[in-house]
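Asker: Handing over query25.txt, compact mmCIF, C-alpha atoms.
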```txt
# COMPACT_ATOMS: atom_id res chain seq x y z
CA MET A 25 280.32 190.35 253.79
CA GLU A 26 279.83 187.40 256.13
CA SER A 27 279.39 189.38 259.33
CA ILE A 28 278.71 192.89 260.61
CA GLN A 29 280.44 192.10 263.90
CA GLN A 30 283.26 194.62 263.44
CA MET A 31 280.83 197.37 262.42
CA LEU A 32 278.86 196.78 265.60
CA VAL A 33 282.03 196.77 267.72
CA ASP A 34 283.00 200.08 266.09
CA ALA A 35 279.53 201.51 266.79
CA ARG A 36 279.73 200.65 270.48
CA ALA A 37 283.22 202.17 270.68
CA ALA A 38 281.94 205.43 269.14
CA THR A 39 279.39 206.05 271.89
CA SER A 40 281.83 207.74 274.26
CA ALA A 41 282.96 210.26 271.64
CA ILE A 42 279.53 211.47 270.55
CA LYS A 43 278.18 211.42 274.10
CA SER A 44 280.97 213.69 275.31
CA LEU A 45 280.75 216.13 272.38
CA ALA A 46 279.86 219.64 273.55
CA ASP A 47 276.39 220.91 272.80
CA GLU A 48 277.65 223.79 270.66
CA GLN A 49 279.82 221.42 268.61
CA LYS A 50 276.83 219.16 267.88
CA GLN A 51 274.85 222.17 266.72
CA GLN A 52 277.68 223.36 264.47
CA LEU A 53 278.14 219.86 263.07
CA LEU A 54 274.49 219.63 262.02
CA ARG A 55 274.55 223.12 260.50
CA SER A 56 277.65 222.16 258.52
CA LEU A 57 275.89 218.97 257.37
CA ALA A 58 272.95 221.09 256.15
CA VAL A 59 275.36 223.14 254.04
CA GLN A 60 277.08 220.05 252.66
CA ILE A 61 273.95 218.29 251.47
CA THR A 62 272.79 221.38 249.60
CA THR A 63 276.30 221.85 248.17
CA HIS A 64 276.25 218.23 246.95
CA ALA A 65 272.60 218.27 245.86
CA ALA A 66 273.42 217.49 242.22
CA THR A 67 275.48 214.46 243.23
CA ILE A 68 272.72 213.24 245.56
CA VAL A 69 270.11 213.63 242.81
CA ALA A 70 272.33 211.71 240.35
CA GLU A 71 272.81 208.82 242.80
CA ASN A 72 269.10 208.88 243.62
CA LYS A 73 268.30 208.55 239.90
CA LYS A 74 270.23 205.26 239.83
CA ASP A 75 267.82 203.93 242.46
CA LEU A 76 264.74 205.45 240.82
CA ASP A 77 265.63 203.87 237.47
CA LYS A 78 265.49 200.41 239.08
CA MET A 79 261.95 200.91 240.40
CA SER A 80 258.76 200.62 238.39
CA ASP A 81 256.74 203.80 237.90
CA GLU A 82 253.74 201.83 239.16
CA ASP A 83 255.36 201.14 242.53
CA PRO A 84 253.79 203.44 245.16
CA LYS A 85 257.13 203.47 247.02
CA LYS A 86 258.72 205.45 244.19
CA ASP A 87 257.52 208.76 245.58
CA ARG A 88 259.07 207.87 248.94
CA LEU A 89 262.36 207.12 247.21
CA LEU A 90 262.53 210.36 245.26
CA LEU A 91 265.00 213.06 246.31
CA ASN A 92 265.00 216.25 244.24
CA GLU A 93 266.51 219.65 244.97
CA ALA A 94 263.37 220.85 246.75
CA ARG A 95 263.29 217.82 249.05
CA ILE A 96 267.02 218.12 249.71
CA GLN A 97 266.48 221.74 250.75
CA GLN A 98 263.70 220.59 253.07
CA LEU A 99 266.12 218.10 254.62
CA ALA A 100 268.70 220.87 255.09
CA ASP A 101 266.07 223.05 256.76
CA SER A 102 265.19 220.14 259.03
CA LEU A 103 268.86 219.71 260.01
CA ASN A 104 269.01 223.36 261.04
CA GLU A 105 265.77 222.98 263.00
CA ILE A 106 267.17 219.95 264.85
CA ALA A 107 270.36 221.87 265.62
CA ALA A 108 268.28 224.63 267.21
CA LEU A 109 266.36 222.25 269.48
CA PRO A 110 267.57 221.72 273.06
CA ASP A 111 269.73 218.68 273.73
CA PRO A 112 267.45 216.16 275.50
CA ALA A 113 270.39 214.46 277.25
CA ASN A 114 271.84 215.36 280.65
CA GLU A 115 268.70 217.07 281.89
CA LEU A 116 268.21 216.97 285.65
CA VAL A 117 264.87 215.26 286.21
CA LEU A 118 265.01 214.90 290.00
CA GLU A 119 267.40 215.63 292.87
CA ARG A 120 267.15 214.97 296.57
CA THR A 121 269.40 214.40 299.57
CA LEU A 122 268.45 211.38 301.64
CA ALA A 123 268.41 211.30 305.45
CA ASN A 124 271.74 209.44 305.42
CA GLY A 125 273.39 212.24 303.44
CA LEU A 126 273.41 210.56 300.02
CA ASN A 127 272.82 212.99 297.16
CA VAL A 128 270.60 211.33 294.55
CA GLN A 129 270.03 212.70 291.04
CA LYS A 130 268.08 211.33 288.10
CA ARG A 131 269.30 212.59 284.72
CA THR A 132 268.49 211.88 281.11
CA VAL A 133 271.21 210.10 279.11
CA PRO A 134 271.49 208.93 275.47
CA LEU A 135 270.13 205.49 274.62
CA GLY A 136 273.53 204.45 273.23
CA VAL A 137 273.50 202.60 269.90
CA VAL A 138 270.28 202.97 267.92
CA GLY A 139 269.63 200.49 265.12
CA VAL A 140 267.12 201.44 262.42
CA ILE A 141 265.81 199.16 259.67
CA TYR A 142 263.89 200.96 256.94
CA GLU A 143 262.70 200.74 253.35
CA SER A 144 262.84 203.03 250.32
CA ARG A 145 263.05 206.33 252.20
CA PRO A 146 266.53 207.90 252.01
CA ASN A 147 265.34 210.95 253.97
CA VAL A 148 265.29 208.61 256.99
CA THR A 149 269.07 208.30 256.67
CA LEU A 150 269.58 212.00 257.33
CA ASP A 151 266.73 212.33 259.84
CA VAL A 152 267.97 209.47 262.03
CA ALA A 153 271.62 210.49 261.81
CA ALA A 154 270.82 214.08 262.77
CA LEU A 155 268.52 213.15 265.65
CA CYS A 156 271.06 210.67 267.01
CA ILE A 157 273.97 213.10 266.76
CA ARG A 158 271.95 215.86 268.44
CA SER A 159 270.99 213.57 271.34
CA GLY A 160 274.45 212.00 271.73
CA ASN A 161 273.61 208.61 270.24
CA VAL A 162 275.32 206.38 267.70
CA CYS A 163 273.24 204.91 264.87
CA VAL A 164 273.59 201.85 262.67
CA LEU A 165 271.37 202.13 259.61
CA ARG A 166 270.08 199.26 257.55
CA GLY A 167 268.37 200.82 254.54
CA GLY A 168 266.68 198.87 251.79
CA SER A 169 268.32 197.81 248.54
CA ASP A 170 265.87 200.13 246.72
CA ALA A 171 267.75 203.17 248.06
CA PHE A 172 271.29 201.73 248.09
CA HIS A 173 273.01 204.40 245.98
CA THR A 174 271.21 207.29 247.67
CA ASN A 175 271.89 206.05 251.19
CA THR A 176 275.53 205.40 250.35
CA ILE A 177 276.21 208.96 249.18
CA LEU A 178 274.30 210.46 252.11
CA VAL A 179 276.28 208.47 254.69
CA LYS A 180 279.53 209.39 252.93
CA ILE A 181 278.62 213.09 253.25
CA ILE A 182 277.68 212.59 256.91
CA GLN A 183 280.95 210.79 257.67
CA ASP A 184 282.96 213.49 255.87
CA VAL A 185 281.41 216.09 258.18
CA LEU A 186 282.11 213.89 261.21
CA LYS A 187 285.77 213.72 260.13
CA GLU A 188 285.85 217.50 259.73
CA PHE A 189 284.71 217.85 263.35
CA LYS A 190 287.14 215.12 264.49
CA VAL A 191 284.27 212.90 265.62
CA ASN A 192 284.48 209.11 265.29
CA VAL A 193 283.04 208.31 261.83
CA HIS A 194 281.47 205.13 263.22
CA THR A 195 278.93 207.37 264.95
CA VAL A 196 276.86 206.88 261.77
CA GLN A 197 277.23 203.65 259.78
CA LEU A 198 275.32 202.14 256.88
CA LEU A 199 275.05 198.37 257.15
CA PRO A 200 275.06 196.09 254.07
CA VAL A 201 271.70 195.34 252.43
CA ASP A 202 272.36 191.59 252.47
CA ARG A 203 269.23 190.12 254.05
CA SER A 204 271.16 187.28 255.60
CA LEU A 205 272.79 189.80 257.96
CA ILE A 206 269.56 191.17 259.41
CA ASN A 207 269.31 188.45 262.06
CA GLU A 208 272.81 189.31 263.24
CA MET A 209 271.63 192.87 263.79
CA LEU A 210 268.44 191.76 265.55
CA THR A 211 270.37 189.57 267.99
CA ALA A 212 273.26 191.96 268.70
CA VAL A 213 272.22 192.59 272.31
CA LYS A 214 275.83 193.30 273.31
CA TYR A 215 276.16 196.18 270.86
CA ILE A 216 272.75 197.64 269.97
CA ASP A 217 270.50 199.16 272.62
CA ILE A 218 267.29 199.63 270.63
CA ILE A 219 265.97 198.55 267.21
CA ILE A 220 263.46 200.69 265.33
CA PRO A 221 261.81 199.26 262.20
CA ARG A 222 260.30 201.76 259.78
CA GLY A 223 258.43 200.43 256.80
CA SER A 224 255.74 197.96 255.84
CA GLN A 225 253.67 195.97 258.29
CA GLN A 226 255.52 192.86 257.13
CA LEU A 227 258.87 194.41 258.05
CA ILE A 228 257.61 195.53 261.45
CA GLU A 229 256.14 192.11 262.24
CA PHE A 230 259.36 190.38 261.17
CA VAL A 231 261.50 192.60 263.41
CA ARG A 232 259.11 192.26 266.34
CA GLY A 233 259.02 188.48 265.98
CA ASN A 234 262.77 187.94 265.59
CA SER A 235 264.56 190.65 267.55
CA LYS A 236 266.27 189.95 270.87
CA VAL A 237 267.17 193.65 271.05
CA PRO A 238 264.31 195.80 272.47
CA VAL A 239 262.07 197.15 269.69
CA ILE A 240 260.20 200.42 269.32
CA GLU A 241 257.67 200.00 266.52
CA THR A 242 256.90 202.73 264.04
CA GLY A 243 253.72 201.23 262.74
CA ALA A 244 251.91 201.17 259.45
CA GLY A 245 249.16 203.75 259.06
CA VAL A 246 245.60 202.63 258.39
CA CYS A 247 243.97 206.05 258.73
CA HIS A 248 240.26 206.86 258.77
CA THR A 249 238.32 210.10 258.41
CA TYR A 250 234.78 209.99 259.77
CA VAL A 251 232.41 212.59 258.32
CA GLU A 252 229.74 212.98 260.99
CA ALA A 253 226.15 214.08 260.33
CA THR A 254 226.69 217.69 261.45
CA ALA A 255 229.85 218.23 259.40
CA ASP A 256 230.39 221.16 257.07
CA LEU A 257 230.48 219.10 253.87
CA GLU A 258 232.56 221.58 251.88
CA LYS A 259 235.16 221.49 254.64
CA ALA A 260 234.90 217.71 254.91
CA SER A 261 235.45 217.25 251.17
CA LYS A 262 238.62 219.38 251.27
CA ILE A 263 239.96 217.53 254.33
CA VAL A 264 239.33 214.09 252.85
CA THR A 265 240.81 215.06 249.48
CA ASN A 266 243.93 216.49 251.10
CA ALA A 267 244.38 213.46 253.34
CA LYS A 268 244.19 211.15 250.33
CA VAL A 269 245.93 212.90 247.44
CA SER A 270 248.54 215.29 248.87
CA ARG A 271 251.04 212.43 249.27
CA PRO A 272 249.35 209.04 249.19
CA SER A 273 252.52 206.98 249.62
CA VAL A 274 253.10 208.05 253.23
CA CYS A 275 251.76 206.48 256.41
CA ASN A 276 249.58 209.42 257.50
CA SER A 277 247.53 209.47 254.28
CA LEU A 278 243.86 208.51 254.35
CA ASP A 279 242.79 204.94 253.66
CA THR A 280 239.09 204.82 254.58
CA VAL A 281 236.31 207.38 254.55
CA LEU A 282 233.46 206.71 256.98
CA VAL A 283 230.43 208.86 256.26
CA ASP A 284 227.19 209.16 258.18
CA GLU A 285 224.23 207.93 256.13
CA GLN A 286 222.43 211.26 256.67
CA VAL A 287 225.06 213.13 254.66
CA ALA A 288 226.49 210.39 252.44
CA THR A 289 224.92 211.63 249.21
CA GLY A 290 225.87 215.25 249.87
CA LEU A 291 229.46 214.42 250.76
CA LEU A 292 230.05 212.06 247.85
CA GLN A 293 228.60 214.59 245.40
CA LEU A 294 231.32 217.01 246.51
CA LEU A 295 234.05 214.41 246.93
CA ALA A 296 233.62 212.56 243.62
CA PRO A 297 234.95 215.30 241.30
CA SER A 298 237.89 216.21 243.53
CA LEU A 299 239.02 212.57 243.85
CA ALA A 300 238.34 211.83 240.17
CA GLU A 301 240.74 214.64 239.28
CA TYR A 302 243.51 212.47 240.75
CA ASN A 303 242.18 209.15 239.38
CA VAL A 304 241.55 207.86 242.90
CA GLU A 305 240.20 204.32 242.80
CA ILE A 306 237.38 203.92 245.34
CA PHE A 307 236.46 200.59 246.92
CA ALA A 308 232.92 201.28 248.08
CA ASP A 309 230.46 199.41 250.27
CA GLU A 310 227.00 198.83 248.79
CA PRO A 311 225.33 202.16 249.83
CA SER A 312 228.27 204.33 248.76
CA TYR A 313 228.74 202.27 245.58
CA ASN A 314 225.17 202.99 244.54
CA ILE A 315 225.61 206.73 245.17
CA LEU A 316 228.90 206.90 243.29
CA LYS A 317 227.53 204.77 240.45
CA GLY A 318 224.70 207.26 240.13
CA LEU A 319 227.30 210.04 239.93
CA SER A 320 229.11 208.10 237.15
CA TYR A 321 232.31 207.98 239.19
CA PRO A 322 234.86 206.50 236.76
CA PHE A 323 237.20 204.65 239.14
CA LEU A 324 234.78 202.56 241.18
CA GLN A 325 235.00 199.06 242.63
CA HIS A 326 232.85 197.05 245.01
CA ALA A 327 234.65 196.87 248.35
CA ALA A 328 235.79 193.45 249.53
CA PRO A 329 236.14 192.79 253.28
CA GLU A 330 239.93 193.12 253.00
CA ASP A 331 239.59 196.68 251.64
CA PHE A 332 238.84 197.84 255.17
CA GLY A 333 241.89 197.84 257.43
CA ARG A 334 244.07 198.07 254.32
CA GLU A 335 246.94 200.55 254.00
CA PHE A 336 246.75 201.55 250.34
CA LEU A 337 249.83 203.84 250.00
CA ASP A 338 248.47 204.80 246.59
CA PHE A 339 245.68 206.78 244.90
CA LYS A 340 243.12 204.35 246.32
CA CYS A 341 240.76 204.38 249.28
CA SER A 342 237.71 202.61 250.68
CA VAL A 343 234.37 204.20 251.60
CA LYS A 344 231.79 202.96 254.08
CA VAL A 345 228.44 204.46 255.07
CA VAL A 346 227.72 204.23 258.81
CA ASN A 347 224.69 204.79 260.99
CA GLY A 348 225.99 207.31 263.51
CA ALA A 349 229.04 207.76 265.73
CA ASP A 350 228.67 204.42 267.53
CA GLU A 351 229.10 202.45 264.32
CA ALA A 352 231.98 204.67 263.18
CA LEU A 353 233.81 204.21 266.47
CA LEU A 354 233.34 200.45 266.38
CA HIS A 355 234.67 200.30 262.82
CA ILE A 356 237.77 202.32 263.75
CA GLN A 357 238.30 200.19 266.84
CA GLU A 358 238.30 197.06 264.68
CA TYR A 359 240.37 198.27 261.73
CA SER A 360 242.62 201.08 262.94
CA SER A 361 246.39 200.57 263.12
CA LYS A 362 246.36 203.21 265.91
CA HIS A 363 248.30 205.73 263.85
CA SER A 364 246.12 208.76 262.96
CA GLU A 365 242.33 209.11 262.95
CA ALA A 366 240.07 212.09 262.19
CA ILE A 367 236.49 213.26 262.58
CA VAL A 368 234.83 216.11 260.72
CA SER A 369 231.97 217.40 262.83
CA ASN A 370 230.28 220.52 264.21
CA ASP A 371 229.00 218.63 267.25
CA ALA A 372 231.35 219.46 270.13
CA ALA A 373 230.17 216.56 272.30
CA ILE A 374 230.67 213.95 269.57
CA SER A 375 234.05 215.46 268.67
CA GLU A 376 235.24 215.24 272.28
CA ARG A 377 233.96 211.69 272.51
CA PHE A 378 235.93 210.83 269.37
CA LEU A 379 239.11 212.40 270.79
CA ASN A 380 238.76 210.54 274.06
CA GLU A 381 237.60 207.13 272.82
CA VAL A 382 239.66 206.57 269.67
CA ASP A 383 242.84 204.68 270.53
CA ALA A 384 245.46 206.18 268.21
CA ALA A 385 248.74 208.04 268.45
CA ALA A 386 247.20 211.17 266.92
CA VAL A 387 243.50 212.06 266.82
CA TYR A 388 242.08 215.00 264.84
CA VAL A 389 238.93 217.10 264.78
CA ASN A 390 238.23 219.00 261.55
CA ALA A 391 241.74 218.56 260.15
CA SER A 392 243.67 216.26 257.81
CA THR A 393 245.60 213.27 259.17
CA ARG A 394 248.50 214.41 256.96
CA PHE A 395 249.73 216.63 259.80
CA THR A 396 251.08 213.68 261.83
CA ASP A 397 254.74 214.42 261.35
CA GLY A 398 257.65 215.23 263.66
CA GLY A 399 258.67 218.29 261.69
CA VAL A 400 255.13 219.65 261.55
CA PHE A 401 254.69 219.09 265.30
CA GLY A 402 257.80 221.18 266.00
CA LEU A 403 260.11 218.22 266.72
CA GLY A 404 262.53 218.97 263.87
CA ALA A 405 262.21 215.52 262.32
CA GLU A 406 261.23 212.01 263.34
CA ILE A 407 262.53 208.48 263.23
CA GLY A 408 258.96 207.36 262.62
CA ILE A 409 255.45 207.40 264.06
CA SER A 410 255.27 205.04 267.01
CA THR A 411 251.95 203.25 267.35
CA GLN A 412 252.86 201.47 270.57
CA LYS A 413 252.47 202.84 274.08
CA LEU A 414 255.75 202.13 275.85
CA HIS A 415 258.51 204.75 275.81
CA ALA A 416 257.27 206.69 272.78
CA ARG A 417 253.97 207.25 270.99
CA GLY A 418 253.28 209.35 267.93
CA PRO A 419 256.19 211.13 266.22
CA PHE A 420 259.25 209.46 267.70
CA ALA A 421 261.86 212.19 267.68
CA LEU A 422 264.67 213.88 269.57
CA GLU A 423 263.02 214.04 272.99
CA LYS A 424 262.56 210.25 273.09
CA LEU A 425 266.12 209.27 272.15
CA VAL A 426 267.12 209.31 275.81
CA THR A 427 266.61 207.14 278.86
CA GLU A 428 267.24 207.85 282.55
CA LYS A 429 270.19 207.20 284.82
CA TRP A 430 270.61 207.62 288.58
CA PHE A 431 273.68 209.45 289.93
CA VAL A 432 274.36 208.85 293.62
CA ARG A 433 277.12 210.69 295.53
CA GLY A 434 278.11 209.75 299.06
CA ASP A 435 280.81 210.06 301.69
CA GLY A 436 281.34 206.54 302.98
CA GLN A 437 277.70 205.59 303.62
CA VAL A 438 276.99 201.84 303.93
CA ARG A 439 273.76 199.94 304.30
```
Starting from the coordinates I provided, produce the structure as C-alpha cells.
Answerer:
Amino acid sequence: MESIQQMLVDARAATSAIKSLADEQKQQLLRSLAVQITTHAATIVAENKKDLDKMSDEDPKKDRLLLNEARIQQLADSLNEIAALPDPANELVLERTLANGLNVQKRTVPLGVVGVIYESRPNVTLDVAALCIRSGNVCVLRGGSDAFHTNTILVKIIQDVLKEFKVNVHTVQLLPVDRSLINEMLTAVKYIDIIIPRGSQQLIEFVRGNSKVPVIETGAGVCHTYVEATADLEKASKIVTNAKVSRPSVCNSLDTVLVDEQVATGLLQLLAPSLAEYNVEIFADEPSYNILKGLSYPFLQHAAPEDFGREFLDFKCSVKVVNGADEALLHIQEYSSKHSEAIVSNDAAISERFLNEVDAAAVYVNASTRFTDGGVFGLGAEIGISTQKLHARGPFALEKLVTEKWFVRGDGQVR
C-alpha cells in the first residue's frame, strides 16, 4: 500500500455515525462484542500463536503479546465494564443566559478521530476500540508487526459486530504495519484529531518529534519503591517482590529499589530469597552489592550508572542504598519517568511529604506500583498511562476521550 489516504478519509466520514449512535445501542454493541470474542477465543488464540512463534522466548515483550483464554475472558469482562460506564460525551458542564438574552451552554463532545500507535500488545486493540465506541469516537489503529495476525482477527471481529449493529465499519480500522506509512499518519492533521503512542520510549520520542497532529503521551514507566527507615520490612519485601515479579513486562512494574541505609541489611535479607525464586537479576550499588554478596545472592551484578533510570521490562532491577528521605527524593526526581512511584513507611509525615513532593502520575504509600491501571482504578480499561500534564494524566481512559464545545442559542442578537 502506497498511501493510507482513503482509510483516513473513511475514518473522518465515520465520525457522524458513531457520534449519533444512541447510548443504549453503544452499550449493547460492546456487550455483543464481549460475547463474540469469547465465542471466537480458539480462533484468536490460534492467530496469536502465529505471532508468538515469530518472537524469541527471551524477548520480554512476549508476555505482552500473549493472549490465552483467561486473558480473552478478562478482555470480555472489561468490555462489559466499559459498557456499564456512563457516556462521557454530551454532558452539560455549564449553562447561563447572558444579559443580552443569549443562552450559552458548554458540553462535552467526542474528540473525533483518535489515532493510536502501539507495540506488541493486542489487548490495546480491543481496549481502544471499546473506549472509542463508548465515547462516540472513531479510531485508527497502527499496531506493531509483532502482533499482526492477532490484531487482524480482533479488528475483523470488531467490524463484524459493527456491521451487525449497522454502524459504519470504518469506526475502527487497522492501518498497515508498513513503517513508511507512519509519517503519513503523523501528519494527517485534516483527518486525525489526536495521536496517542503506546510503547517504548523510542516510539514515544519518535512520535513526539515527528507528529503534526496533537500528541498525548503514554510514557514509559521507570518505577521506584523507596523503603524508608521506619518501614515494616516484611510488608516492604512483599510489596517490592510483587511490584517486580507479578508481571515484569508491563510499565507499572518496579525497576529500582531505594532502601534506607538503616534497614538495608534487614530488607535485603528478606528480599533476596523471594527475588531469587524468580531468578531476578539485581544490579546493585556498592553497599547493596556487598550485602547481597554476603547473602550469596546468585544473580548479582555491579550497577552501572545507566542501570538507574532504566526501564527493565524483565526479571531485572537495580538497588541503591540511600541516606534518608532527602536522598531518595532527589534520586527519584532525577531518574523517574513520572509514571508510578511508591514509599513503604510507617512515618506519616514522611509518607505525606513523599505523596506531595514526588512528581508522578500515581504515587503510593505502602502499596505496589502494579495497581496503576485503568481497569483497577474503576475506569473499565485504558488507552495507556499518560505521564504528561495536559488534558490527561495517569490512566488515560473513557472520561478523557472528550473535549468541550460551546452551544450558543439566540434570537437575532448582534454585537
Asker: Work out how far CA of Leu198 (chain A) is from CA of Ile177 (chain A), in Å to one decimal.
Answerer: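 Going from CA of Ile177 (chain A) over to CA of Leu198 (chain A), I get 10.3 Å.
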Asker: Would you mind telling me which residue in A:Arg145, A:Arg166, A:Lys130, A:Lys317 lies nearest to Leu76 (chain A) when using only C-alpha atoms?
Answerer: A:Arg145
Asker: Identify, on the basis of only C-alpha atoms, every residue whose closest approach to region 28-38 of chain A does not exceed 10 Å; exclude the query and any residue fewer than 3 positions from it along the same chain; express the result as a compact mmCIF listing (two decimals) with C-alpha atoms, in the frame of the given file.
Answerer:
```txt
# COMPACT_ATOMS: atom_id res chain seq x y z
CA MET A 25 280.32 190.35 253.79
CA ALA A 41 282.96 210.26 271.64
CA ILE A 42 279.53 211.47 270.55
CA LYS A 43 278.18 211.42 274.10
CA GLY A 136 273.53 204.45 273.23
CA VAL A 137 273.50 202.60 269.90
CA VAL A 138 270.28 202.97 267.92
CA GLY A 139 269.63 200.49 265.12
CA ASN A 161 273.61 208.61 270.24
CA VAL A 162 275.32 206.38 267.70
CA CYS A 163 273.24 204.91 264.87
CA VAL A 164 273.59 201.85 262.67
CA VAL A 191 284.27 212.90 265.62
CA ASN A 192 284.48 209.11 265.29
CA VAL A 193 283.04 208.31 261.83
CA HIS A 194 281.47 205.13 263.22
CA THR A 195 278.93 207.37 264.95
CA VAL A 196 276.86 206.88 261.77
CA GLN A 197 277.23 203.65 259.78
CA LEU A 198 275.32 202.14 256.88
CA LEU A 199 275.05 198.37 257.15
CA PRO A 200 275.06 196.09 254.07
CA LEU A 205 272.79 189.80 257.96
CA ILE A 206 269.56 191.17 259.41
CA GLU A 208 272.81 189.31 263.24
CA MET A 209 271.63 192.87 263.79
CA ALA A 212 273.26 191.96 268.70
CA LYS A 214 275.83 193.30 273.31
CA TYR A 215 276.16 196.18 270.86
CA ILE A 216 272.75 197.64 269.97
CA ASP A 217 270.50 199.16 272.62
```
Asker: Identify, on the basis of all atoms listed in the file, every residue whose closest approach to Ala366 (chain A) does not exceed 6 Å; exclude the query and any residue fewer than 5 positions from it along the same chain; express the result as a VMD selection string.
Answerer: chain A and resid 249 387 to 389
Asker: With only C-alpha atoms as the counted atoms, please give the residues lying no more than 6 Å from region 333-345 of chain A, apart from itself and same-chain residues fewer than 2 positions off, as an MDAnalysis selection string.
Answerer: chainID A and resid 84 246 272:273 279:285 304:309 331 359
Asker: Name all residues at most 8 Å from Arg232 (chain A) (count all atoms listed in the file; drop same-chain ones fewer than 4 positions away) and give them as a list in words.
Answerer: Ile228, Val239 and Glu241 of chain A
Asker: With distances taken over all atoms listed in the file, which of A:Ala94, A:Val231, A:Ala107, A:Val426 is nearest to Ile219 (chain A)?
Answerer: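 Checking each candidate against Ile219 (chain A), we get A:Val231 as the closest.
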Asker: Between CA of Tyr302 (chain A) and CA of Ala260 (chain A), what is the distance in Å, rounded to a tenth?
Answerer: 17.4 Å
Asker: Please measure the separation of CA of Ile240 (chain A) and CA of Ser224 (chain A), giving the value in Å to one decimal.
Answerer: 14.4 Å
Asker: Can you list, as a PyMOL selection string, every protein, DNA or RNA residue that comes within 12 Å of Met79 (chain A) when you count all atoms listed in the file, leaving out same-chain residues fewer than 3 positions away?
Answerer: chain A and resi 72-76+82-90+144+169-171
Asker: Pick out the closest residue to Thr67 (chain A) from this set: A:Lys190, A:Arg120, A:Lys413, A:His173. Count all atoms listed in the file.
Answerer: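 Ranked by minimum distance to Thr67 (chain A), first place goes to A:His173.
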Asker: Could you check which of A:Ala405, A:Ala244, A:Leu379, A:Leu294 is closest to Leu99 (chain A), using all atoms listed in the file?
Answerer: A:Ala405
Asker: Counting only C-alpha atoms, figure out which residue out of A:Asn92, A:Asn276, A:Gln293, A:Ser320 gets nearest to Ile409 (chain A).
Answerer: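 Answer, going by the shortest atom-to-atom distance: A:Asn276.
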